[in-house]
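Notes to accompany the following structure.
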Amino acid sequence: MLKVGVHVSISGSVDRAVDRAVALGCDTFQMFIGNPRGWRRRRLRDSEVREFARKLEASGIGPAVGHMPYLPNLASPKRAVYAKSVGVLRAELAACQRLGMPYLVTHLGSHMGSGVEAGSKRVIAAINSALSEVRGAVMLLLENGAGSRNSIGSTFEGIAQIIDGVGAKGRVGVCLDTCHAFAAGYDLRDDASLGETMDEFESALGSDRLKVVHINDSKGDLGSGVDRHEHIGMGRIGDEGFKAIFRHRVLAGLPMILETPLDGRRSDLEELRWVRKLAREAGLS
């Protein structure tokens with residue numbers, strides 16, 4: 001069965017995220033744990049942690065997926081930015097651990113002109129530092145990039161290189177973003193093209209590393225390097241591409257999170273309904 005959800009707000013307190021996911025009829029959901037546009041991380045109150053756990057268990061929804069905020073750059077050559085970024089990664093892992101969330105998704109960042117090799121080494125060091133200081137079962141999911149200038153992790157091989165450098169390999173996995181993959185040159189528009197892309201993923205990383213999928217259509221063309229999400233079926237991947245995704249033997253069983261635009265063309269609820277319609281047409285229930 002398709003397991004699909006959206007990124008929900010924590011406005012008010014983190015447990016409100018569960019309320020919003022339930023109201024939308026989500027099977028899974030993603031959330032920021034604190035302010036996505038700030039460096040300071042608020043300490044979670046014991047009461048909201050208990051409420052989050054209670055509501056999540058009662059809802060039957062899962063997994064609940066955390067996402068790193070926007071500002072950190074784990075590949076940054078700027079010492080102050082890099083140090084703060086590693087600190088936020090530690091704090092977010094610890095918060096996920098308190099909340100009982102199994103996954104934290106992170107972008108791998110930009111090397112800012114210092115080179116892919118140097119940027120990748122900084123990402124590896126950041127992950128090793130954070131995982132060594134925050135014990136537990138939370139898995140850090142590395143999200144593929146869109147192939148934009150100076151980005152890290154836009155190829156499956158690049159992500160594999162980073163994982164190879166991580167000591168606690170059992171605590172790192174991958175979150176595949178469909179818009180990013182398409183923008184980076186991985187075709188997903190039909191069964192045959194998707195099959196070739198997933199064969200490349202299997203060869204570089206192994207499908208067991210893949211834990212979550214961000215399902216977003218792409219405003220940019222194949223290989224454009226443009227990181228612009230679009231509503232499902234309204235972009236360059238198109239409805240047929242997502243039907244192929246929904247019936248793929250590996251992808252079909254994974255939690256799928258929508259990160260489509262917030263605008264008047266389609267609400268989160270309408271997006272979920274559209275995705276489920278496509279899934280039914282692809283043969284899923």
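Going by the structure tokens order, chains are called A, B, ..., each with residues numbered from 1, while ligands are numbered from 1 in the order shown.
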
Output as an MDAnalysis selection string all residues of region 130-198 of chain A that backbone DSSP marks as strand (DSSP E or B).
-> chainID A and resid 139:143 151 172:177

Under the rule of at most 7 Å, produce a per-residue listing of region 21-96 of chain A near region 123-147 of chain A: chain, number, name, the closest pair of atoms, and the distance in Å, as a tab-separated table, using only C-alpha atoms.
```
residue	atom	partner	partner_atom	distance
A:Leu74	CA	A:Val123	CA	5.1
A:Ala75	CA	A:Val123	CA	5.2
A:Val86	CA	A:Ala126	CA	5.6
A:Leu89	CA	A:Ala130	CA	6.5
A:Arg90	CA	A:Ala130	CA	4.9
A:Leu93	CA	A:Val134	CA	6.7
A:Ala94	CA	A:Val134	CA	6.1
A:Cys96	CA	A:Val138	CA	6.8
```

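By only C-alpha atoms, and with residues fewer than 4 positions from Gly223 (chain A) along its chain excluded, the set lying at most 9 Å from it is Ala146, Gly147, Ala181, Phe182, Ala183, Ala184, Gly185, Tyr186 and Asp187 of chain A.
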
Using the selection just defined, write its residues with C-alpha atoms as a PDB file, in the first residue's frame.
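Ended up saving to part.pdb:
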```pdb
ATOM      1  CA  ALA A 146      19.847  18.948  -7.644  1.00  0.00           C
ATOM      2  CA  GLY A 147      23.205  19.415  -9.362  1.00  0.00           C
ATOM      3  CA  ALA A 181      17.336  13.624  -9.005  1.00  0.00           C
ATOM      4  CA  PHE A 182      15.634  14.759 -12.217  1.00  0.00           C
ATOM      5  CA  ALA A 183      17.356  18.165 -12.139  1.00  0.00           C
ATOM      6  CA  ALA A 184      20.687  16.380 -11.616  1.00  0.00           C
ATOM      7  CA  GLY A 185      20.158  14.299 -14.781  1.00  0.00           C
ATOM      8  CA  TYR A 186      18.459  11.112 -13.542  1.00  0.00           C
ATOM      9  CA  ASP A 187      15.436  10.400 -15.751  1.00  0.00           C
TER      10      ASP A 187
END
```

Tell me, as a tab-separated table (two decimals) with C-alpha atoms, in the first residue's frame, which residues lie within 6 Å of region 195-212 of chain A, counting only C-alpha atoms; anything in the same chain fewer than 6 positions away does not count.
```
chain	number	residue	atom	x	y	z
A	156	PHE	CA	24.65	8.62	-6.28
A	157	GLU	CA	28.39	8.01	-6.40
A	160	ALA	CA	28.28	6.72	-1.63
A	173	GLY	CA	20.81	6.15	4.90
A	174	VAL	CA	19.45	8.03	1.91
A	175	CYS	CA	16.40	10.19	1.20
A	186	TYR	CA	18.46	11.11	-13.54
A	254	LEU	CA	8.81	3.38	1.09
A	255	PRO	CA	7.40	6.38	3.01
```

DSSP-assigned helix (DSSP H, G or I) among region 19-233 of chain A, expressed as a PyMOL selection string | chain A and resi 19-24+46-59+79-99+116-133+156-165+169-171+178-183+191-204+207-209
